$ cat protein32.cif   # mmCIF, C-alpha atoms
data_run
loop_
_atom_site.label_atom_id
_atom_site.label_comp_id
_atom_site.auth_asym_id
_atom_site.auth_seq_id
_atom_site.Cartn_x
_atom_site.Cartn_y
_atom_site.Cartn_z
CA MET A 1 19.17 -19.72 7.13
CA THR A 2 16.91 -17.43 5.21
CA SER A 3 16.44 -13.90 6.52
CA TYR A 4 12.69 -13.85 5.99
CA LYS A 5 9.72 -16.10 6.43
CA VAL A 6 6.15 -15.90 5.22
CA TYR A 7 3.14 -17.80 6.45
CA GLN A 8 -0.25 -18.03 4.81
CA SER A 9 -3.56 -19.30 6.06
CA ASP A 10 -7.26 -18.59 6.01
CA GLU A 11 -8.60 -16.08 8.53
CA ASP A 12 -10.53 -18.83 10.32
CA LYS A 13 -7.19 -20.58 10.95
CA SER A 14 -5.50 -17.50 12.41
CA ALA A 15 -5.11 -18.98 15.90
CA ASP A 16 -3.45 -22.06 14.46
CA ALA A 17 -1.44 -19.75 12.20
CA ALA A 18 0.01 -17.94 15.22
CA LYS A 19 1.33 -21.22 16.62
CA LYS A 20 2.70 -22.25 13.24
CA VAL A 21 4.42 -18.88 12.81
CA ARG A 22 6.30 -19.16 16.08
CA SER A 23 7.21 -22.76 15.31
CA ALA A 24 8.48 -21.76 11.88
CA LYS A 25 10.59 -18.96 13.32
CA GLU A 26 12.20 -21.31 15.82
CA LYS A 27 13.01 -23.85 13.12
CA GLY A 28 13.92 -21.36 10.37
CA GLN A 29 11.42 -22.86 7.94
CA LEU A 30 10.41 -21.29 4.65
CA ALA A 31 6.92 -20.33 3.55
CA THR A 32 6.88 -23.25 1.11
CA ASP A 33 6.94 -25.63 4.08
CA PHE A 34 3.29 -24.70 4.67
CA ASP A 35 0.79 -25.74 2.03
CA TYR A 36 -2.49 -24.30 3.31
CA ASP A 37 -4.71 -23.68 0.26
CA LYS A 38 -1.75 -23.98 -2.06
CA GLY A 39 -3.99 -25.46 -4.72
CA CYS A 40 -6.16 -22.35 -4.63
CA TYR A 41 -3.18 -20.11 -5.36
CA PHE A 42 -1.92 -22.19 -8.28
CA ALA A 43 -5.13 -23.64 -9.69
CA GLY A 44 -5.52 -23.49 -13.45
CA ALA A 45 -7.44 -20.68 -15.03
CA THR A 46 -11.19 -21.20 -15.21
CA ALA A 47 -13.68 -20.02 -17.82
CA LYS A 48 -14.35 -16.98 -15.66
CA ASP A 49 -10.64 -16.15 -15.59
CA ILE A 50 -10.43 -16.34 -19.37
CA TYR A 51 -13.55 -14.21 -19.76
CA ALA A 52 -12.17 -11.57 -17.36
CA VAL A 53 -8.90 -11.43 -19.28
CA LEU A 54 -10.74 -11.06 -22.60
CA VAL A 55 -12.82 -8.18 -21.23
CA PHE A 56 -9.68 -6.58 -19.83
CA LEU A 57 -7.72 -6.94 -23.10
CA CYS A 58 -10.48 -6.18 -25.58
CA LEU A 59 -12.56 -3.50 -23.85
CA LEU A 60 -10.15 -1.74 -21.51
CA ILE A 61 -6.52 -2.12 -22.55
CA PRO A 62 -6.67 -0.22 -25.90
CA TYR A 63 -8.36 2.75 -24.29
CA MET A 64 -6.23 2.59 -21.13
CA LEU A 65 -2.94 2.61 -23.03
CA ILE A 66 -3.91 5.84 -24.77
CA LEU A 67 -5.13 7.33 -21.51
CA TYR A 68 -1.94 6.28 -19.73
CA VAL A 69 0.32 7.97 -22.27
CA CYS A 70 -1.73 11.18 -22.17
CA ILE A 71 -1.77 11.32 -18.37
CA ALA A 72 1.94 10.49 -18.08
CA ILE A 73 2.88 13.32 -20.47
CA TYR A 74 0.55 15.79 -18.78
CA LEU A 75 1.78 14.95 -15.28
CA PHE A 76 5.38 15.17 -16.41
CA VAL A 77 4.84 18.70 -17.69
CA ALA A 78 2.69 19.71 -14.71
CA ARG A 79 5.29 18.51 -12.21
CA ILE A 80 8.29 20.22 -13.78
CA PRO A 81 7.87 23.27 -11.47
CA THR A 82 7.90 20.95 -8.46
CA TYR A 83 11.04 19.26 -9.74
CA PHE A 84 12.91 22.55 -10.11
CA LEU A 85 11.61 23.61 -6.72
CA MET A 86 13.21 20.53 -5.18
CA LEU A 87 16.48 21.29 -7.00
CA LEU A 88 16.51 24.92 -5.87
CA ASP A 89 15.27 24.16 -2.38
CA PRO A 90 18.74 23.95 -0.73
CA VAL A 91 19.63 27.35 -2.26
CA CYS A 92 16.38 29.20 -1.68
CA GLY A 93 15.44 27.57 1.62
CA TRP A 94 11.73 27.33 0.81
CA PHE A 95 11.53 24.06 2.74
CA PRO A 96 13.51 22.80 5.73
CA ASP A 97 16.87 21.45 4.54
CA GLU A 98 17.77 19.44 7.62
CA ALA A 99 16.54 15.96 8.38
CA THR A 100 13.17 16.53 9.95
CA PRO A 101 10.30 14.31 11.12
CA HIS A 102 7.50 16.56 9.89
CA ALA A 103 6.67 17.78 6.40
CA PRO A 104 6.69 21.56 5.82
CA ASN A 105 3.96 23.65 7.35
CA THR A 106 5.05 26.97 5.84
CA VAL A 107 3.34 29.56 3.66
CA SER A 108 5.70 28.62 0.80
CA PHE A 109 4.60 25.00 1.01
CA TYR A 110 0.90 25.89 0.82
CA ILE A 111 1.41 28.29 -2.10
CA VAL A 112 3.32 25.69 -4.09
CA THR A 113 0.88 22.89 -3.37
CA VAL A 114 -2.18 25.00 -4.22
CA VAL A 115 -0.61 25.80 -7.60
CA GLN A 116 0.23 22.13 -8.16
CA THR A 117 -3.29 21.04 -7.17
CA VAL A 118 -4.81 23.42 -9.70
CA ALA A 119 -2.37 22.14 -12.34
CA ILE A 120 -3.33 18.48 -11.89
CA PHE A 121 -7.05 19.09 -11.36
CA PRO A 122 -7.92 18.11 -14.97
CA VAL A 123 -6.20 14.76 -14.34
CA LEU A 124 -8.35 14.22 -11.25
CA LEU A 125 -11.51 14.79 -13.28
CA VAL A 126 -10.32 12.35 -15.95
CA ALA A 127 -9.37 9.86 -13.23
CA LEU A 128 -12.85 9.97 -11.72
CA MET A 129 -14.44 9.43 -15.14
CA HIS A 130 -12.07 6.50 -15.74
CA ILE A 131 -13.04 4.87 -12.42
CA LEU A 132 -16.71 5.22 -13.42
CA VAL A 133 -16.00 3.61 -16.81
CA VAL A 134 -14.24 0.64 -15.19
CA GLN A 135 -17.08 0.18 -12.69
CA VAL A 136 -19.71 0.27 -15.45
CA VAL A 137 -17.76 -2.23 -17.57
CA ALA A 138 -17.38 -4.53 -14.55
CA CYS A 139 -21.10 -4.37 -13.75
CA VAL A 140 -22.36 -4.82 -17.31
CA ALA A 141 -19.83 -7.44 -18.40
CA PHE A 142 -19.69 -9.55 -15.25
CA GLY A 143 -23.00 -8.97 -13.48
CA PRO A 144 -25.05 -11.36 -15.65
CA VAL A 145 -22.34 -14.06 -15.51
CA GLY A 146 -22.14 -13.84 -11.76
CA PHE A 147 -25.92 -13.92 -11.41
CA PHE A 148 -26.29 -17.12 -13.44
CA THR A 149 -23.38 -18.79 -11.61
CA GLY A 150 -24.76 -18.10 -8.14
CA VAL A 151 -22.56 -15.23 -6.99
CA ASN A 152 -24.06 -13.40 -4.01
CA VAL A 153 -23.27 -9.75 -4.78
CA CYS A 154 -24.85 -8.54 -1.53
CA GLU A 155 -22.58 -10.81 0.52
CA ASN A 156 -19.55 -9.64 -1.46
CA TRP A 157 -20.59 -6.05 -0.86
CA ARG A 158 -20.90 -6.66 2.87
CA LEU A 159 -17.42 -8.17 2.97
CA VAL A 160 -15.65 -5.35 1.14
CA GLN A 161 -17.38 -2.74 3.30
CA THR A 162 -16.52 -4.36 6.65
CA CYS A 163 -13.11 -5.95 6.11
CA THR A 164 -11.05 -2.78 5.98
CA HIS A 165 -11.10 -1.35 9.50
CA TYR A 166 -10.37 -3.49 12.51
CA MET A 167 -10.98 -0.80 15.14
CA GLY A 168 -14.61 -0.51 14.09
CA HIS A 169 -14.44 3.04 12.78
CA SER A 170 -12.89 4.59 9.72
CA ASP A 171 -12.89 7.78 7.74
CA CYS A 172 -14.28 7.80 4.20
CA GLY A 173 -12.61 5.13 2.12
CA CYS A 174 -12.04 7.48 -0.80
CA PRO A 175 -8.63 9.20 -0.42
CA LEU A 176 -9.64 12.07 -2.67
CA GLY A 177 -11.00 15.26 -1.18
CA LEU A 178 -10.06 18.88 -0.58
CA SER A 179 -9.40 18.20 3.10
CA ARG A 180 -6.65 15.76 2.14
CA ALA A 181 -5.00 17.74 -0.66
CA PHE A 182 -2.16 19.03 1.52
CA GLU A 183 -1.70 15.57 3.05
CA PHE A 184 -1.23 14.23 -0.46
CA TRP A 185 1.51 16.71 -1.31
CA ARG A 186 3.36 16.07 1.94
CA TYR A 187 3.54 12.42 0.99
CA VAL A 188 4.62 13.21 -2.56
CA PHE A 189 7.40 15.51 -1.41
CA GLY A 190 8.43 12.98 1.21
CA LEU A 191 8.78 10.34 -1.49
CA TYR A 192 10.75 12.79 -3.62
CA HIS A 193 13.31 12.74 -0.81
CA ARG A 194 13.32 8.93 -0.78
CA GLN A 195 13.33 8.05 -4.46
CA HIS A 196 14.84 9.57 -7.57
CA TRP A 197 12.42 11.93 -9.28
CA CYS A 198 12.88 10.14 -12.62
CA GLU A 199 11.51 6.94 -11.05
CA TRP A 200 8.24 8.79 -10.61
CA LEU A 201 7.72 9.60 -14.29
CA LEU A 202 5.59 6.54 -15.03
CA ALA A 203 4.30 5.45 -11.61
CA PRO A 204 1.45 7.98 -11.01
CA GLY A 205 -0.03 7.33 -14.44
CA PHE A 206 0.00 3.59 -13.78
CA MET A 207 -1.75 4.12 -10.45
CA ILE A 208 -4.47 6.30 -11.99
CA VAL A 209 -5.12 4.17 -15.07
CA PHE A 210 -4.33 0.54 -14.28
CA ASN A 211 -5.00 0.15 -10.55
CA PRO A 212 -8.79 0.60 -10.88
CA ALA A 213 -8.93 -2.04 -13.61
CA LEU A 214 -6.77 -4.53 -11.70
CA LYS A 215 -8.91 -4.00 -8.61
CA TYR A 216 -12.42 -4.14 -10.03
CA ILE A 217 -11.72 -6.78 -12.70
CA PHE A 218 -9.37 -9.21 -10.95
CA THR A 219 -8.77 -8.77 -7.21
CA THR A 220 -12.09 -7.36 -5.91
CA ASN A 221 -14.66 -8.12 -8.60
CA ILE A 222 -17.88 -8.27 -6.58
CA TRP A 223 -19.90 -9.26 -9.66
CA LEU A 224 -17.99 -12.26 -11.05
CA TRP A 225 -16.60 -14.24 -8.11
CA THR A 226 -17.49 -15.16 -4.57
CA LEU A 227 -15.00 -13.18 -2.51
CA GLY A 228 -13.21 -14.30 0.63
CA GLU A 229 -10.52 -13.03 2.99
CA LYS A 230 -6.96 -14.37 3.03
CA TYR A 231 -4.45 -13.93 5.84
CA CYS A 232 -0.68 -13.84 5.49
CA ASN A 233 2.12 -12.48 7.65
CA GLN A 234 5.67 -11.40 6.94
CA TRP A 235 8.23 -10.56 9.61
CA THR A 236 11.83 -9.47 9.95
CA LYS A 237 14.68 -11.18 11.73
CA PRO A 238 14.83 -10.25 15.42
CA PHE A 239 17.01 -7.53 16.94
CA PRO A 240 18.76 -9.30 19.84
CA GLY A 241 19.62 -7.09 22.79
CA SER A 242 17.93 -4.06 21.27
CA ASP A 243 15.97 -1.38 23.06
CA ARG A 244 12.29 -1.52 22.08
CA GLU A 245 11.86 2.26 22.03
CA VAL A 246 14.93 2.66 19.81
CA ILE A 247 13.60 0.10 17.31
CA THR A 248 10.25 1.89 17.29
CA GLU A 249 11.84 5.26 16.59
CA LYS A 250 14.06 3.85 13.83
CA ILE A 251 11.17 2.29 11.92
CA LYS A 252 9.14 5.48 12.37
CA THR A 253 12.07 7.46 10.95
CA ILE A 254 12.33 5.22 7.89
CA VAL A 255 8.60 5.18 7.17
CA SER A 256 7.35 8.54 8.39
CA ASP A 257 10.07 11.19 8.53
CA TYR A 258 9.96 13.87 5.84
CA LYS A 259 13.69 13.82 5.06
CA LEU A 260 16.37 11.20 5.57
CA ARG A 261 20.12 11.63 5.49
CA GLY A 262 23.30 9.68 4.77
CA SER A 263 23.42 5.91 4.45
CA LEU A 264 19.81 5.53 5.59
CA GLU A 265 18.59 7.63 2.67
CA ARG A 266 20.57 5.45 0.24
CA LYS A 267 19.30 2.20 1.75
CA VAL A 268 15.69 3.36 1.54
CA ASP A 269 16.23 4.44 -2.06
CA ASP A 270 17.80 1.08 -3.00
CA ALA A 271 15.10 -1.08 -1.37
CA CYS A 272 12.52 -2.94 -3.46
CA PHE A 273 9.67 -1.22 -1.61
CA CYS A 274 9.10 2.16 0.00
CA ALA A 275 6.13 3.04 2.19
CA HIS A 276 5.77 6.64 3.29
CA TYR A 277 3.21 7.29 6.00
CA ALA A 278 4.17 10.85 6.94
CA ARG A 279 3.94 11.85 10.58
CA PRO A 280 0.78 13.91 11.14
CA LEU A 281 1.43 17.50 12.05
CA PRO A 282 1.06 18.24 15.77
CA GLY A 283 -2.62 18.43 16.65
CA SER A 284 -3.73 16.71 13.42
CA ARG A 285 -5.78 13.52 13.17
CA ALA A 286 -3.97 10.20 13.39
CA GLN A 287 -5.56 8.88 10.20
CA CYS A 288 -4.03 10.19 6.98
CA ILE A 289 -3.53 9.06 3.44
CA GLY A 290 -0.26 7.27 2.70
CA MET A 291 1.72 6.19 -0.34
CA GLN A 292 3.51 2.99 -1.30
CA PHE A 293 6.06 2.73 -4.09
CA ALA A 294 7.69 -0.34 -5.66
CA PRO A 295 10.56 1.01 -7.84
CA GLU A 296 11.18 -2.25 -9.70
CA LYS A 297 7.54 -2.38 -10.78
CA LEU A 298 7.23 1.40 -11.27
CA ALA A 299 4.00 1.11 -9.32
CA VAL A 300 2.59 3.43 -6.67
CA ASN A 301 -0.47 2.93 -4.46
CA LEU A 302 -2.50 5.26 -2.27
CA THR A 303 -3.66 4.10 1.16
CA MET A 304 -5.61 5.25 4.20
CA THR A 305 -3.24 4.89 7.15
CA THR A 306 -3.79 5.27 10.88
CA HIS A 307 -0.74 6.04 13.03
CA GLN A 308 -1.77 3.69 15.81
CA TYR A 309 1.02 4.76 18.15
CA LEU A 310 -0.88 8.08 18.40
CA VAL A 311 -4.20 6.43 19.24
CA GLU A 312 -4.78 5.71 22.90
CA GLY A 313 -5.72 2.09 23.50
CA ALA A 314 -4.94 0.94 19.95
CA LYS A 315 -4.18 -2.76 19.80
CA PRO A 316 -2.98 -4.89 16.91
CA ARG A 317 -5.39 -7.35 15.37
CA SER A 318 -2.61 -9.90 14.84
CA SER A 319 -2.28 -12.48 17.60
CA THR A 320 1.52 -12.54 17.20
CA ALA A 321 2.00 -8.78 17.71
CA THR A 322 2.10 -6.71 20.88
CA ASP A 323 2.59 -3.03 19.92
CA ALA A 324 0.64 -1.47 17.03
CA LEU A 325 2.44 1.05 14.80
CA TRP A 326 0.37 1.52 11.63
CA ALA A 327 -2.99 0.25 10.42
CA VAL A 328 -3.33 0.45 6.63
CA GLU A 329 -6.87 0.36 5.30
CA LEU A 330 -7.30 -0.63 1.67
CA HIS A 331 -10.88 0.41 1.01
CA TYR A 332 -13.01 -0.82 -1.86
CA TRP A 333 -13.69 2.77 -2.94
CA ASN A 334 -9.98 3.56 -2.99
CA SER A 335 -9.45 2.79 -6.66
CA TRP A 336 -5.79 3.81 -6.48
CA HIS A 337 -4.79 0.69 -4.60
CA PHE A 338 -5.41 -2.55 -6.44
CA LEU A 339 -6.16 -4.56 -3.28
CA THR A 340 -8.95 -4.41 -0.71
CA GLY A 341 -8.39 -5.35 2.91
CA TYR A 342 -6.58 -4.48 6.11
CA VAL A 343 -2.84 -4.44 6.86
CA GLU A 344 -0.81 -3.78 9.99
CA VAL A 345 2.78 -2.96 10.87
CA SER A 346 3.52 -3.95 14.46
CA LEU A 347 6.22 -5.02 16.88
CA GLN A 348 6.27 -8.58 18.14
CA ASP A 349 6.96 -9.65 21.70
CA GLU A 350 10.17 -8.23 23.18
CA ALA A 351 11.12 -11.33 25.19
CA VAL A 352 9.99 -14.06 22.78
CA ASP A 353 10.59 -12.45 19.38
CA GLU A 354 13.31 -9.92 20.30
CA ASN A 355 11.48 -6.91 18.84
CA ALA A 356 10.98 -8.37 15.38
CA LEU A 357 8.65 -6.39 13.11
CA GLU A 358 5.69 -8.02 11.43
CA HIS A 359 3.40 -7.13 8.54
CA PRO A 360 0.16 -9.16 8.65
CA MET A 361 -2.38 -8.74 5.84
CA TRP A 362 -6.07 -9.63 5.60
CA ILE A 363 -6.79 -9.28 1.89
CA VAL A 364 -10.00 -9.85 -0.07
CA VAL A 365 -9.48 -12.22 -3.00
CA PRO A 366 -11.79 -14.17 -5.33
CA SER A 367 -12.40 -17.75 -4.26
CA THR A 368 -11.40 -19.21 -7.65
CA GLY A 369 -9.97 -16.26 -9.62
CA VAL A 370 -6.41 -17.33 -10.38
CA PHE A 371 -5.18 -13.92 -11.57
CA GLY A 372 -6.50 -12.14 -8.50
CA HIS A 373 -4.58 -14.65 -6.40
CA LYS A 374 -1.44 -14.09 -8.47
CA LEU A 375 -1.59 -10.35 -7.76
CA TYR A 376 -2.08 -11.06 -4.06
CA GLU A 377 0.78 -13.55 -4.09
CA GLY A 378 3.02 -11.02 -5.85
CA VAL A 379 2.51 -8.57 -2.98
CA ASN A 380 3.30 -11.31 -0.48
CA LYS A 381 6.57 -12.08 -2.26
CA LEU A 382 7.46 -8.39 -2.53
CA PHE A 383 7.24 -7.95 1.24
CA ALA A 384 9.17 -11.16 1.81
CA LYS A 385 11.96 -9.68 -0.30
CA TYR A 386 11.70 -6.34 1.48
CA SER A 387 11.90 -7.85 4.98
CA PRO A 388 15.70 -8.42 5.07
CA GLN A 389 16.28 -5.02 3.45
CA LEU A 390 14.23 -3.30 6.15
CA HIS A 391 16.03 -5.26 8.87
CA ASP A 392 19.39 -4.19 7.43
CA SER A 393 18.30 -0.53 7.32
CA ILE A 394 17.20 -0.58 10.97
CA HIS A 395 20.14 -2.63 12.22
CA GLY A 396 22.59 -0.25 10.53
CA GLU A 397 21.19 2.64 12.58
CA LEU A 398 21.47 0.90 15.97
#

$ encode --input "protein32.cif" --output "structure tokens"
Amino acid sequence: MTSYKVYQSDEDKSADAAKKVRSAKEKGQLATDFDYDKGCYFAGATAKDIYAVLVFLCLLIPYMLILYVCIAIYLFVARIPTYFLMLLDPVCGWFPDEATPHAPNTVSFYIVTVVQTVAIFPVLLVALMHILVVQVVACVAFGPVGFFTGVNVCENWRLVQTCTHYMGHSDCGCPLGLSRAFEFWRYVFGLYHRQHWCEWLLAPGFMIVFNPALKYIFTTNIWLWTLGEKYCNQWTKPFPGSDREVITEKIKTIVSDYKLRGSLERKVDDACFCAHYARPLPGSRAQCIGMQFAPEKLAVNLTMTTHQYLVEGAKPRSSTATDALWAVELHYWNSWHFLTGYVEVSLQDEAVDENALEHPMWIVVPSTGVFGHKLYEGVNKLFAKYSPQLHDSIHGEL
């Protein structure tokens, strides 16, 4: 029997989806047993798809390749001090050396991160200009086509502005800002402790240069396609006989702790996906930025993440979950994540599902854009692959 299952359906079929999910889990069925909207995912490319690819290849790719190389070289040089700091850390003791749930909150940490922020500030300015260029290209190149083919831009705009926060309130969708600078570096250093530093050489440049283009050209192009919301859910195998609080603490350790140790550190490093939503410092807000890294794709994404276990009365949106852990908001204005939508990480029912973890996603995709669907489907498959790896990491710590 396979160690993961994935189910896909439209949002308006979510109630039926919940029943199908439980049925599939009982029978051990694969995602391919369900064919809701399968034709939409694998439909042939349309004229709009071809036009979008031509704009992407002819207008953006030549300039983006040059920009990517320049940013990658600059960031490599700018981050060398941080790299040596991490190497010397056990000797100098600038940061806590023991496994710890919270990122540093020391004078040394703030000095180092201020210096690093100043060093990468030119890249941030270039990144903002690049986002503006992509937005202008998307508007000019696709606006007229969408207008003459009946695309309702206002309706698309309403969807991307309202789909990202289930609880009805959210901080600014843009993850950039001085108030979040230290949050950013806590996540970066936390990922340094989870992944090899060399794996990071290319990933930040890809995030800065290519994610905006993938987002505003293919997955969330408000000008060219009529957008809709797709629902899918991935879950782990259950943990029979486990204590719910222990499972909760283990997943929080894997995802949120600053440093890991021993076999757990190796398993997290070897996995196909790594999400780091660092625990907020005591007294801090529950909503922080977060980072996601896929080593095989050398891709990193920035998110806005709410630690729901810290929010009184927080409930999961998913009908198959009981306890909310994290709510991940993928805002339209967050150009450093190539998707737009809302994602949860939650625990399922203790008696029925034996504390299985689930990862439901409500993602905005174009109604007929085949390449936007392919990107969405790629994420779905990535998490399906990650599910047994995460289960193994948690089970090994029980």

$ closest_residue --input "protein32.cif" --among "A:Ile289, A:Val300, A:Ala356, A:Val133" --to "Thr322 (chain A)" --atoms "only C-alpha atoms"
A:Ala356

$ closest_residue --input "protein32.cif" --among "A:Asn355, A:Ser335, A:Thr164, A:Thr113" --to "Glu183 (chain A)" --atoms "only C-alpha atoms"
A:Thr113

$ closest_residue --input "protein32.cif" --among "A:Glu229, A:His395, A:Ala294, A:Ile120" --to "Ile251 (chain A)" --atoms "all atoms listed in the file"
A:His395

$ atom_distance --input "protein32.cif" --atom1 "CA of Asp353 (chain A)" --atom2 "CA of Thr236 (chain A)"
10.0 Å

$ atom_distance --input "protein32.cif" --atom1 "CA of Phe371 (chain A)" --atom2 "CA of Thr219 (chain A)"
7.6 Å

$ resolve_selection --input "protein32.cif" --expression "the PyMOL selection byres ((chain A and resi 285) around 10)" --output "ChimeraX atom specification"
/A:280-284,286-288,306-307,310-311

$ residues_around --input "protein32.cif" --residues "Asn380 (chain A)" --least-positions-apart "2" --cutoff "10 Å" --atoms "only C-alpha atoms" --output "list in words"
Val6, Tyr7, Gln8, Cys232, Asn233, Gln234, His359, Pro360, Met361, Lys374, Leu375, Tyr376, Glu377, Gly378, Leu382, Phe383, Ala384, Lys385 and Tyr386 of chain A

$ resolve_selection --input "protein32.cif" --expression "the PyMOL selection byres ((chain A and resi 228) around 6)" --output "VMD selection string"
chain A and resid 227 229 364 to 365

$ resolve_selection --input "protein32.cif" --expression "the PyMOL selection byres ((chain A and resi 47-52) around 10)" --output "VMD selection string"
chain A and resid 44 to 46 53 to 58 138 141 to 142 145 to 146 217 to 218 221 224 to 225 368 to 372

$ closest_residue --input "protein32.cif" --among "A:Phe273, A:Phe239, A:Tyr231, A:Tyr309" --to "Glu350 (chain A)" --atoms "all atoms listed in the file"
A:Phe239

$ closest_residue --input "protein32.cif" --among "A:Ala103, A:Ala321, A:Leu67, A:Ala203" --to "Ala278 (chain A)" --atoms "all atoms listed in the file"
A:Ala103

$ atom_distance --input "protein32.cif" --atom1 "CA of Val255 (chain A)" --atom2 "CA of Cys274 (chain A)"
7.8 Å

$ closest_residue --input "protein32.cif" --among "A:Ile394, A:Leu214, A:Leu124, A:Ile73" --to "Lys267 (chain A)" --atoms "only C-alpha atoms"
A:Ile394
